[in-house]
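Heads up: the structure comes next, in structure tokens.
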Amino acid sequence: MKNRSTSGSAFLAWTIGFLFCLGLSNIYAQNDEKYRVRLRADYVKIMEGDAYLNIKATAKIEDETLPVPNIKIAVYNEVEGEEIILGNTKTNMKGESRFVLNKPIELKADSTLTYTLGISFKGNDSFKKASKSTSFKDAQIVADLITKDSINYITATLRETATDSALVGESLDVQVQRLFKPLRIGEEFNFTDENGTILVPVEEGIPGVDGNLILEVVLNDSDDYGTVITIINAPVGTPIVNEITFDQRKMWSTRNKTPIFLLVFINLIIAVIYGLFIYLISNLFRISKN
Amino acid sequence: MTKYESLINDLAPRKFGRRGTIWTLILVIFIILGLIAYIDQVNKGQVVTNMRDYALWGIYISNFVFFVATSFVGSATVAVLRLTNNSWRTPIVRIAEIISLASIVMAGFTIMIDMGRPDRLLYLFIYARLQSPITWDVIIIPISIVLSFLLLYFPLLPDLAILKKHHLKTKPTFSKWYGKLSLNWTGSKVQKAIQSKSIKIIAIMVIPVGILLQTIDAWLFSTTYRIGWDSTNMGAYFTSGAFVAGLGALITVVYIIRKVRRLEHYITDYHFDKLAQYLLLTILVYTYFNINEYLIPLFNASVEEEIHLNELRFGEYAALFWFSQIVGLLIPILILLFKKGRKPLPVFIVGIMVVIGSWWKRYIIVTPTLLHPFLPIEGVPESWHHYFPSMHEWLITGATLAMALLIITLFVRFLPVIPIQRIAEEKGLLKTDKKAES
């Protein structure tokens with residue numbers, strides 16, 4: 001009787017323990033909810049340079065938009081319903097990736113001469129699958145530096161490549177390349193005229209290394225053409241005077257770059273004074289011997 | 001006993017009496033206490049001091065600046081009075097030379113005490129950066145020590161020879177040592193010529209080296225972009241302050257030695273009157289620089305400078321500031337302007353006031369500036385915004401001052417504090433005696 005009651009208690013305890021553990025496992029189990037990844041793809045073309053897709057992956061997690069790092073994204077070219085895989089890329093810690101579209105990749109356009117590029121993410125344990133596509137036509141900007149009445153201008157013409165037609169009424173940005181943020185010049189909006197051309201004066205006194213300004217003419221994030229950038233070097237800036245004295249012999253330099261005058265002056269003083277000391281001490285010996 | 005023998009008897013060093021022994025013992029006790037504190041500081045690091053990220057220079061550096069200033073007394077009396085043909089200097093120059101040597105030696109020690117890693121002292125020479133005023137200081141202090149020693153030693157040679165002869169029968173061991181130190185001085189024409197030429201060179205060297213020393217000391221501060229230090233006034237300001245501190249110390253020591261050794265016949269009221277006039281002149285010049293330093297900025301002070309000046313005039317350091325200005329400068333001027341104030345006792349009191357005022361003056365030059373940087377440090381404990389020396393710092397500083405006094409005391413014990421040969425020559429006793437001998 002006693003044995004039966006002991007085994008019954010043990011069973012009850014085991015059952016409670018099992019259920020409790022089940023409850024715990026439910027508490028600590030990985031959350032099954034997968035987050036939705038938002039993909040963004042921006043086409044950028046630099047004239048006589050690279051063309052690439054700027055890819056960004058984000059997700060809204062607990063009401064906060066966060067980058068999604070280290071996910072594999074496939075890039076493909078959509079042509080007439082067919083998806084031609086161009087390659088794969090992986091997002092960095094900022095959830096960004098740049099997929100370069102240079103040779104040997106050759107993009108194919110559809111019958112309307114529009115290119116469509118798609119990106120897709122297969123999904124994983126944390127994020128749902130996602131995809132995004134972007135379409136654009138090829139455009140080009142031809143820019144030049146001209147001088148009229150001693151004033152320097154940037155002239156730029158925007159044309160659609162396939163039809164070789166001027167693009168009218170598009171706004172082009174003209175800016176000087178800078179480390180953190182480009183320096184905009186000209187009007188806020190520079191719309192192309194009937195020839196697809198803009199003319200923007202370059203102010204005097206803009207500083208540049210050796211007087212060279214790296215100017216950019218940008219068709220920025222156009223719905224039809226993506227971003228097109230052309231870069232020209234314009235030697236019309238004010239040379240930046242390099243004031244770094246790191247390698248010079250200055251009073252604030254390191255010990256191996258002591259100014260010559262100081263080396264000479266101090267060592268001369270030391271030599272003269274210690275020379276006199278030697279003479280004076282030798283006089284003590286002379287006194288001793290006399 | 002001839003007058004010459006009487007002179008030697010008066011001026012030859014004497015064994016300490018009871019008071020002298022007690023005085024020396026007190027100094028030794030102070031030094032031992034300081035030494036124990038210093039060993040503890042080396043073991044535990046400078047955390048035992050109250051110096052922190054704000055007050056990174058404290059009492060050690062202000063004490064160092066005081067010693068450097070006091071060492072200027074050699075230049076101020078020996079060289080300046082010599083070049084200006086002030087013959088009254090004779091009885092006081094030896095004391096000035098002794099103070100000068102003791103002070104500059106202790107200045108050297110004090111700067112080592114301030115080092116967090118004294119074992120790296122040699123690095124100051126090996127890795128010297130010649131653009132730094134600290135390196136200039138490292139160069140000029142050994143030069144000053146050697147020069148102060150030579151300044152003391154060359155004129156001593158004839159006196160050491162006199163003492164050798166004087167102690168030949170009574171104290172043969174002393175006589176032997178004096179003989180060795182006198183470098184076989186016989187007073188021959190050749191020896192006199194060499195000695196005279198050497199002293200002339202030293203006297204000329206002492207002035208530029210002394211000014212260099214004071215100026216470099218000032219540049220340690222003025223080359224630093226800090227309120228209260230960043231001033232072109234500093235070089236001249238420090239040099240004039242050194243005249244005051246040095247002469248104050250000289251007057252004090254001269255008075256005590258005169259009293260203890262009963263040298264009233266040799267160091268007379270006339271000498272005190274002259275010293276007092278000299279001190280008055282230097283205090284007036286120094287007061288002028290103080291006006292430049294503290295009054296003029298009130299008219300065009302920046303916010304930071306105003307904070308600093310207010311701190312000095314009305315704030316935490318007001319008591320010390322006004323003490324150094326009133327007790328250290330203004331009252332001495334008022335006393336010394338009158339003939340009665342230039343008698344030995346008032347001059348002695350003024351000397352003490354000036355020395356104490358000078359010491360605290362260096363403290364308020366060094367510390368308050370450090371507590372008001374242009375860029376305050378974020379999140380430091382409140383205590384770091386204030387500085388008052390710790391017990392370790394007081395003991396060590398007290399020991400350095402005691403050591404300087406002990407050096408002076410020992411020199412006074414074993415060397416003639418008034419040049420015997422020179423006094424004898426000035427009084428014409430040597431000729432008389434030689435005639436008497438012949």
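Just so we're on the same page: first chain in the structure tokens is A, next is B, and so on; residues restart at 1 for each chain, and ligands are numbered from 1 in the order they show up.
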Within 10 Å of chain B: residues of chain A, using only C-alpha atoms, as number ranges by chain:
A: 250-259, 262-263, 266-267, 270, 273-274, 276-277, 279-281, 283-290
For the residues in the current selection, export C-alpha atoms as an mmCIF file, in the first residue's frame.
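Saved result, again_5.cif, follows:
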```cif
data_model
loop_
_atom_site.group_PDB
_atom_site.id
_atom_site.type_symbol
_atom_site.label_atom_id
_atom_site.label_comp_id
_atom_site.auth_asym_id
_atom_site.auth_seq_id
_atom_site.Cartn_x
_atom_site.Cartn_y
_atom_site.Cartn_z
ATOM 1 C CA LYS A 250 59.082 72.884 -36.921
ATOM 2 C CA MET A 251 58.913 73.743 -33.246
ATOM 3 C CA TRP A 252 55.959 71.378 -32.915
ATOM 4 C CA SER A 253 57.560 68.499 -34.830
ATOM 5 C CA THR A 254 58.990 65.321 -33.366
ATOM 6 C CA ARG A 255 62.488 65.212 -31.933
ATOM 7 C CA ASN A 256 64.071 63.985 -35.167
ATOM 8 C CA LYS A 257 62.647 67.005 -37.006
ATOM 9 C CA THR A 258 64.067 69.750 -34.818
ATOM 10 C CA PRO A 259 64.505 73.052 -36.701
ATOM 11 C CA LEU A 262 67.449 75.457 -32.856
ATOM 12 C CA LEU A 263 69.851 72.545 -33.215
ATOM 13 C CA ILE A 266 71.318 75.171 -28.510
ATOM 14 C CA ASN A 267 74.319 73.037 -29.380
ATOM 15 C CA ILE A 270 76.120 74.026 -24.868
ATOM 16 C CA ILE A 273 79.423 76.916 -21.955
ATOM 17 C CA TYR A 274 80.923 73.457 -21.524
ATOM 18 C CA LEU A 276 84.386 77.380 -20.788
ATOM 19 C CA PHE A 277 83.753 74.853 -18.018
ATOM 20 C CA TYR A 279 88.792 75.734 -19.483
ATOM 21 C CA LEU A 280 87.850 76.744 -15.913
ATOM 22 C CA ILE A 281 88.377 73.234 -14.536
ATOM 23 C CA ASN A 283 92.535 76.325 -14.571
ATOM 24 C CA LEU A 284 91.974 74.553 -11.261
ATOM 25 C CA PHE A 285 94.596 71.987 -12.294
ATOM 26 C CA ARG A 286 96.944 74.786 -13.363
ATOM 27 C CA ILE A 287 96.487 76.464 -9.970
ATOM 28 C CA SER A 288 97.171 73.132 -8.278
ATOM 29 C CA LYS A 289 100.439 72.658 -10.209
ATOM 30 C CA ASN A 290 101.716 76.173 -9.633
#
```
Within range 17-164 of chain A, find each residue whose DSSP state, derived from the backbone, is alpha helix (DSSP H), and express the selection as number ranges by chain.
A: 17-28
Fewer than 2 positions away in the same chain doesn't count, so skip those; otherwise give me all residues within 6 Å of range 203-220 of chain A, counting only C-alpha atoms, as a ChimeraX atom specification.
/A:172-177,222,227-235,237-240
Once you count only C-alpha atoms, what closest atom pair and distance in Å to one decimal does each residue of range 374-419 of chain B within 12 Å of range 265-276 of chain B have, with rows by chain and rising residue number, as CSV?
```
residue,atom,partner,partner_atom,distance
B:Val417,CA,B:Tyr266,CA,10.9
B:Ile418,CA,B:Tyr266,CA,8.3
B:Pro419,CA,B:Tyr266,CA,10.5
```
Store the residues of this selection in a file with C-alpha atoms, as an mmCIF file, in the first residue's frame.
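Result saved to again-v1.cif:
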```cif
data_model
loop_
_atom_site.group_PDB
_atom_site.id
_atom_site.type_symbol
_atom_site.label_atom_id
_atom_site.label_comp_id
_atom_site.auth_asym_id
_atom_site.auth_seq_id
_atom_site.Cartn_x
_atom_site.Cartn_y
_atom_site.Cartn_z
ATOM 1 C CA VAL B 417 81.157 82.650 5.243
ATOM 2 C CA ILE B 418 82.960 85.929 4.713
ATOM 3 C CA PRO B 419 85.946 85.938 2.340
#
```
Need to verify the contact set: range 69-77 of chain B, 7 Å, only C-alpha atoms, exclusion of same-chain residues closer than 5 positions in sequence. Can you return it as a PyMOL selection string?
chain B and resi 93+96-97+99-101+103-104+206-207+210+214+242-243+245-247+249
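Closest to Trp219 in chain B among B:Ser148, B:Ile134, B:Ile204, B:Val260 is B:Ile134, based on only C-alpha atoms.
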Check the DSSP output for the backbone and give back, as an MDAnalysis selection string, the residues of range 173-284 of chain A in strand (DSSP E).
chainID A and resid 173:176 183:191 197:202 207:208 213:222 226:234 238:239
